[in-house]
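Engineer: My questions all concern the structure below.
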Amino acid sequence: MSTQSTHTPPPPAPMGGPRRMDAKSIAIWGTVAVVGAVCWVVLALSRGEEVSALWILFAALASYAIAYRFYARFIAYTVLEVDDTRATPAERYDNGRDFDVTHRHVLFGHHFAAIAGAGPLVGPVLAAQMGYLPGTIWIIVGVIFAGAVQDMVVLFFSMRRDGKSLGQMVREEIGVVGGIAALIAVFAIMIIILAVLALVVVNALAESPWGVFSIGLTIPIALFMGYYLRVLRPGRVSEVTAIGVGLLLLAIIGGGYVDQMGIEEALTLSKEQLTFALVVYGFVASILPVWMLLTPRDYLSTFMKVGVIVLLAVGLILAAPVLQQEAVTDFAREGTGPVFAGKLFPFVFITIACGALSGFHALIASGTTPKMLAKESQVRMIGYGGMLMESFVAISALIAASVIDPGLYFAMNSPAGATGADPATAAEFIAGLGFSITPDQLTQAAAAVEEQTLISRTGGAPTLALGMSQIFTEAFGGGLAAFWYHFAIMFEALFILTAVDAGTRVGRFMLQDTVGNLWPRYADLSWKPASWSASAVVVALWGYMLYVGVTDPLGGINQLFPLFGIANQLLAAIALTLCVTLLIKHGKVKWAWVPGIGLAWDLIVTMTASYQKVFSDNPAIGYFTQRERYADALDAGELLAPATSVDQMEQVVFNSTVNGTLQSIFALLVLVVVANAFVIWFRAVRAGSLPTTEVPRQESHLVQPSDFIATAEEKEAVREWETARRGTGAGSHR
Amino acid sequence: MTAVLEMARTLRRRVRELTGEARWDDYLAECAELGEQPMSRREFERLRDDEREHLPGEGRCC
């Protein structure tokens with residue numbers, strides 16, 4: 001390890017800075033730009049004809065490439081002024097634990113695995129009710145100007161502060177009031193996110209014995225892997241992951257035989273039973289030693305995540321499916337869609353959070369990743385590049401949802417209260433929406449993937465699974481539709497459960513840390529009463545919200561998903577506010593627009609959406625109007641559809657109150673942070689700049705390339721440096 | 001041929017870094033360099049498990 005050496009190899013020359021483009025690269029980038037422009041024109045002009053999904057795919061890839069090459073480079077070298085002669089926290093503290101100089105490709109893998117989850121898969125599927133075009137534009141434009149900028153800039157500032165967390169930075173750089181508001185917001189938002197993710201799993205597994213069988217088996221598989229790594233063959237991670245994935249595939253195949261095994265009935269679970277199971281699981285998983293369940297499950301889910309995304313990209317190119325969904329549906333203008341209520345603006349921008357702009361990433365970008373960077377300039381490939389990759393996942397999910405017949409799509413994603421959960425009534429409801437599907441077709445579609453029904457399978461996961469199953473069946477042949485469907489369900493449920501485990505644990509740490517400020521003993525991570533009670537509180541909170549969603553007569557997803565999306569975007573508002581604040585404090589007010597564009601748009605969207613969710617007089621949108629409508633009906637002794645009993649009526653009243661209150665609190669917390677930041681902006685602009693908590697510069701003695709592919713000069717520099725280092729006898733094994 | 005071998009070796013190394021198995025390789029190399037007797041793999045992994053237990057841990061996102 002280089003830091004242990006007293007002999008210092010020659011300091012590295014700065015690398016990877018802006019260079020003039022030569023004729024060859026002008027030709028290459030010119031071609032990429034033309035390809036991108038052609039794809040966008042085709043997408044913009046095609047109406048009512050057959051459009052291949054590949055136009056979306058290549059419009060995305062070309063746009064990403066140009067944004068990465070030019071905009072991200074501009075942000076890195078001109079706005080942030082990354083400095084490769086400056087040592088990163090990983091180089092300075094290199095302790096072989098959290099601070100660890102990590103190869104950039106490996107760190108890209110770690111970072112991507114940490115930021116990508118079910119979010120970018122679910123949001124675009126729901127947003128497809130507006131047509132494929134609004135979602136496509138927002139995912140691509142949003143990631144380039146907001147999401148990827150946020151991830152990269154937060155990563156940079158956290159790196160310059162030894163990997164401080166978002167909450168800590170807000171407190172120290174903006175103020176105590178903003179800091180406390182941010183802390184509460186982060187915790188509350190996390191609870192909502194866990195509840196909604198768990199709701200997606202519950203909806204995907206309810207009445208699906210095959211799904212329950214395969215997902216249920218992941219628990220003993222993970223336990224076995226944990227035992228293997230702890231006792232049988234310690235540390236053999238690749239080996240045990242290969243075994244685990246093999247067992248996982250067997251579990252999916254085995255699920256097809258639940259009928260023959262005579263356990264079909266036992267595994268047909270209601271949503272309430274699944275909720276109970278998930279809550280118990282979440283609690284147990286978060287208090288067990290991590291080696292038993294959490295770590296091995298993480299190996300499995302990371303492998304599956306990356307594997308399936310690659311498979312999906314290959315499948316899309318091979319199958320080159322035609323988009324069935326309309327470019328822009330009437331719901332975009334009228335706001336009367338059955339999947340979620342509200343018009344295109346602001347609700348497409350809320351529904352698709354992850355993939356375009358996700359505040360949650362700021363927690364990862366200010367947590368583990370900044371402590372592992374080898375070089376400052378790598379924030380571009382890790383932060384910006386990682387988020388582009390997530391955006392690509394979102395685009396794939398949007399395509400998967402848009403290749404399904406629209407009639408079937410709406411039958412799957414409309415709440416049971418609307419479809420009547422029966423083929424005949426569902427077909428009638430779909431006809432009312434202006435699409436057509438026969439009861440027979442609905443039954444056949446379910447039979448093709450060996451599910452009891454596909455009607456009102458809300459939450460996005462079943463729709464995505466169906467789309468993926470269509471794409472894979474077309475790409476790879478073999479009539480394995482049912483296998484692919486359950487494969488996709490398994491893959492989503494697997495990493496949602498990993499997020500639930502890990503999220504509960506992170507929430508527990510946050511709670512222990514916060515309470516520890518008042519009662520120091522509570523912060524002791526190995527004190528059982530504290531860790532158990534903190535876990536129980538976290539699980540109880542998201543479990544309660546999950547239960548609210550599961551039993552909501554109006555349909556949990558359409559009630560809770562907007563809350564989740566807004567919460568995630570509000571967290572992004574906090575992160576972007578921090579980015580703008582720091583640029584201004586560093587005397588770079590002229591570059592404040594870089595995170596400022598994202599912040600302004602995000603505030604417009606989230607505040608409009610919050611306002612509508614709280615004050616709209618349309619009961620489908622405004623929580624409190626909805627509450628009033630049902631409360632008035634209750635007083636008058638009437639029942640309002642889809643509620644079928646007084647109990648359900650009371651439930652709607654109660655849920656609307658809870659959701660509306662949470663919505664208002666979130667928005668207020670964010671306004672507090674922004675208002676507090678405003679004071680600092682004003683002061684900093686007047687003073688020219690203000691001191692920050694950035695750690696002082698120390699000379700770097702490491703030489704590493706900046707980008708995915710090392711340039712010839714970089715390779716040469718690394719070679720020279722390695723030779724010099726060997727000469728001085730500094731650590732040779734890295 | 002040597003170039004192919006070199007590439008395979010680098011790839012193996014990257015995979016082991018990704019899974020964290022490279023920590024053990026590094027530890028062995030460090031012991032060899034210092035001329036120390038390394039602890040057993042079992043003991044080494046136990047220590048890493050204990051460390052992981054007390055680190056806030058990597059969040060998994062949505």
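Residues are referred to by chain and number: the chain letter is A, B, ... according to the order shown in the structure tokens, the number counts from 1 in that chain, and ligands are numbered separately from 1 in the order shown.
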Give me, as a ChimeraX atom specification, all polymer residues having an atom no more than 10 Å from Arg23 in chain B, counting only C-alpha atoms and skipping those fewer than 6 positions away in the same chain.
Structural biologist: /A:96-97,235 /B:16-17,29,44-45,48
Engineer: Within 7 Å of range 155-171 of chain A, counting only C-alpha atoms, which residues qualify if same-chain residues fewer than 2 places away don't, as a short mmCIF file (atom, residue, chain, number, x, y, z; two decimals) with N, CA, C and O atoms, in the first residue's frame?
Structural biologist:
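Final output, around.cif:
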```
data_model
loop_
_atom_site.label_atom_id
_atom_site.label_comp_id
_atom_site.auth_asym_id
_atom_site.auth_seq_id
_atom_site.Cartn_x
_atom_site.Cartn_y
_atom_site.Cartn_z
N THR A 88 -7.03 11.47 -3.04
CA THR A 88 -8.42 11.21 -2.64
C THR A 88 -8.42 10.64 -1.21
O THR A 88 -7.38 10.18 -0.73
N PRO A 89 -9.59 10.65 -0.56
CA PRO A 89 -9.64 10.06 0.80
C PRO A 89 -9.16 8.61 0.80
O PRO A 89 -8.49 8.19 1.75
N ASP A 151 -25.65 13.07 -9.16
CA ASP A 151 -24.83 11.96 -8.64
C ASP A 151 -23.35 12.32 -8.66
O ASP A 151 -22.62 12.09 -7.71
N MET A 152 -22.93 12.93 -9.79
CA MET A 152 -21.51 13.23 -9.96
C MET A 152 -21.07 14.37 -9.02
O MET A 152 -20.02 14.28 -8.39
N VAL A 153 -21.88 15.40 -8.92
CA VAL A 153 -21.47 16.56 -8.12
C VAL A 153 -21.49 16.22 -6.62
O VAL A 153 -20.58 16.58 -5.88
N GLU A 173 -22.78 22.78 5.92
CA GLU A 173 -22.61 23.78 4.87
C GLU A 173 -23.81 24.69 4.71
O GLU A 173 -23.70 25.77 4.15
N ILE A 174 -24.98 24.24 5.14
CA ILE A 174 -26.17 25.08 4.99
C ILE A 174 -26.62 25.61 6.34
O ILE A 174 -26.82 26.81 6.51
N GLY A 175 -26.77 24.74 7.32
CA GLY A 175 -27.16 25.22 8.64
C GLY A 175 -27.84 24.14 9.45
O GLY A 175 -28.25 23.11 8.91
N VAL A 176 -27.97 24.39 10.74
CA VAL A 176 -28.53 23.38 11.64
C VAL A 176 -30.00 23.13 11.33
O VAL A 176 -30.46 21.99 11.30
N GLY A 178 -31.63 23.53 8.45
CA GLY A 178 -31.68 22.74 7.22
C GLY A 178 -31.21 21.32 7.48
O GLY A 178 -31.77 20.36 6.95
N GLY A 179 -30.18 21.19 8.30
CA GLY A 179 -29.63 19.87 8.60
C GLY A 179 -30.65 18.97 9.28
O GLY A 179 -30.80 17.80 8.91
N ALA A 182 -33.33 18.06 6.83
CA ALA A 182 -32.84 17.06 5.89
C ALA A 182 -32.79 15.68 6.53
O ALA A 182 -33.16 14.68 5.91
N LEU A 183 -32.36 15.64 7.79
CA LEU A 183 -32.26 14.35 8.49
C LEU A 183 -33.63 13.68 8.59
O LEU A 183 -33.79 12.49 8.29
N ALA A 362 -28.06 10.21 -3.94
CA ALA A 362 -27.18 11.14 -3.22
C ALA A 362 -26.70 10.50 -1.92
O ALA A 362 -25.62 10.82 -1.43
N LEU A 363 -27.50 9.57 -1.38
CA LEU A 363 -27.08 8.89 -0.15
C LEU A 363 -25.93 7.92 -0.43
O LEU A 363 -25.03 7.76 0.38
N ALA A 365 -23.89 8.23 -3.14
CA ALA A 365 -22.77 9.03 -3.64
C ALA A 365 -22.09 9.78 -2.50
O ALA A 365 -21.00 10.33 -2.68
N SER A 366 -22.72 9.84 -1.33
CA SER A 366 -22.07 10.48 -0.20
C SER A 366 -21.87 9.45 0.92
O SER A 366 -21.89 9.77 2.08
N GLY A 367 -21.73 8.21 0.55
CA GLY A 367 -21.56 7.17 1.56
C GLY A 367 -20.31 6.36 1.28
O GLY A 367 -19.20 6.80 1.56
N PRO A 370 -17.50 7.55 -2.36
CA PRO A 370 -16.42 8.54 -2.34
C PRO A 370 -15.19 8.07 -1.57
O PRO A 370 -14.10 8.61 -1.78
N LYS A 371 -15.35 7.08 -0.72
CA LYS A 371 -14.21 6.60 0.07
C LYS A 371 -13.37 5.59 -0.71
O LYS A 371 -12.39 5.06 -0.19
N VAL A 379 -14.73 10.74 -10.77
CA VAL A 379 -16.12 11.04 -10.41
C VAL A 379 -16.99 11.09 -11.67
O VAL A 379 -18.18 10.83 -11.62
N GLY A 383 -19.81 8.60 -11.17
CA GLY A 383 -21.04 9.32 -10.85
C GLY A 383 -21.93 9.51 -12.07
O GLY A 383 -23.08 9.07 -12.08
N LEU A 578 -27.78 21.46 -2.05
CA LEU A 578 -26.43 21.38 -1.47
C LEU A 578 -25.37 21.65 -2.54
O LEU A 578 -24.41 22.39 -2.30
N THR A 693 -16.09 23.14 4.48
CA THR A 693 -15.41 22.09 5.25
C THR A 693 -14.53 21.21 4.37
O THR A 693 -14.16 20.11 4.76
N GLU A 694 -14.23 21.69 3.16
CA GLU A 694 -13.36 20.91 2.28
C GLU A 694 -12.02 20.65 2.97
O GLU A 694 -11.44 21.56 3.56
N VAL A 695 -11.52 19.42 2.85
CA VAL A 695 -10.25 19.12 3.52
C VAL A 695 -9.10 19.69 2.69
O VAL A 695 -9.19 19.77 1.46
#
```
Engineer: Pick out the chain B residues within 9 Å of chain A. Count only C-alpha atoms. Give them as an MDAnalysis selection string.
Structural biologist: chainID B and resid 14:21 23:26 29:30 33 41:46 48:62
Engineer: Which is closest to Val51 in chain A among A:Pro406, A:Gly555, A:Pro134, A:Pro321, if we use only C-alpha atoms?
Structural biologist: A:Pro321
Engineer: Which polymer residues have any atom within 9 Å of an atom of Trp40 in chain A, counting only C-alpha atoms, with same-chain residues fewer than 5 positions away left out, as a PyMOL selection string?
Structural biologist: chain A and resi 35+45+55-56+58-60
Engineer: Just the selected residues (N, CA and C atoms), exported as an mmCIF file, in the first residue's frame, please.
Structural biologist:
```cif
data_model
loop_
_atom_site.group_PDB
_atom_site.id
_atom_site.type_symbol
_atom_site.label_atom_id
_atom_site.label_comp_id
_atom_site.auth_asym_id
_atom_site.auth_seq_id
_atom_site.Cartn_x
_atom_site.Cartn_y
_atom_site.Cartn_z
ATOM 1 N N VAL A 35 -26.648 10.099 -35.909
ATOM 2 C CA VAL A 35 -27.454 8.914 -35.576
ATOM 3 C C VAL A 35 -28.496 9.281 -34.520
ATOM 4 N N LEU A 45 -41.739 12.178 -35.165
ATOM 5 C CA LEU A 45 -42.683 12.301 -36.282
ATOM 6 C C LEU A 45 -43.608 11.105 -36.454
ATOM 7 N N TRP A 55 -35.465 2.458 -32.212
ATOM 8 C CA TRP A 55 -35.290 3.910 -32.347
ATOM 9 C C TRP A 55 -35.086 4.543 -30.979
ATOM 10 N N ILE A 56 -35.879 4.070 -30.001
ATOM 11 C CA ILE A 56 -35.729 4.602 -28.635
ATOM 12 C C ILE A 56 -34.352 4.238 -28.089
ATOM 13 N N PHE A 58 -31.550 3.514 -29.582
ATOM 14 C CA PHE A 58 -30.389 4.198 -30.145
ATOM 15 C C PHE A 58 -30.433 5.711 -29.916
ATOM 16 N N ALA A 59 -31.639 6.276 -29.831
ATOM 17 C CA ALA A 59 -31.721 7.692 -29.452
ATOM 18 C C ALA A 59 -31.087 7.858 -28.074
ATOM 19 N N ALA A 60 -31.394 6.911 -27.176
ATOM 20 C CA ALA A 60 -30.852 6.980 -25.819
ATOM 21 C C ALA A 60 -29.333 6.838 -25.840
#
```
Engineer: In Å, with one decimal, what is the gap from CA of Glu239 in chain A to CA of Gly307 in chain A?
Structural biologist: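 Between these atoms lies a distance of 16.5 Å.
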Engineer: What is the distance, in Å and to one decimal place, between CA of Ile621 in chain A and CA of Leu571 in chain A?
Structural biologist: 21.8 Å
Engineer: Out of range 58-201 of chain A, which residues get helix (DSSP H, G or I) from DSSP, as a ChimeraX atom specification?
Structural biologist: /A:58-79,89-93,104-115,119-130,132-159,166-173,176-201
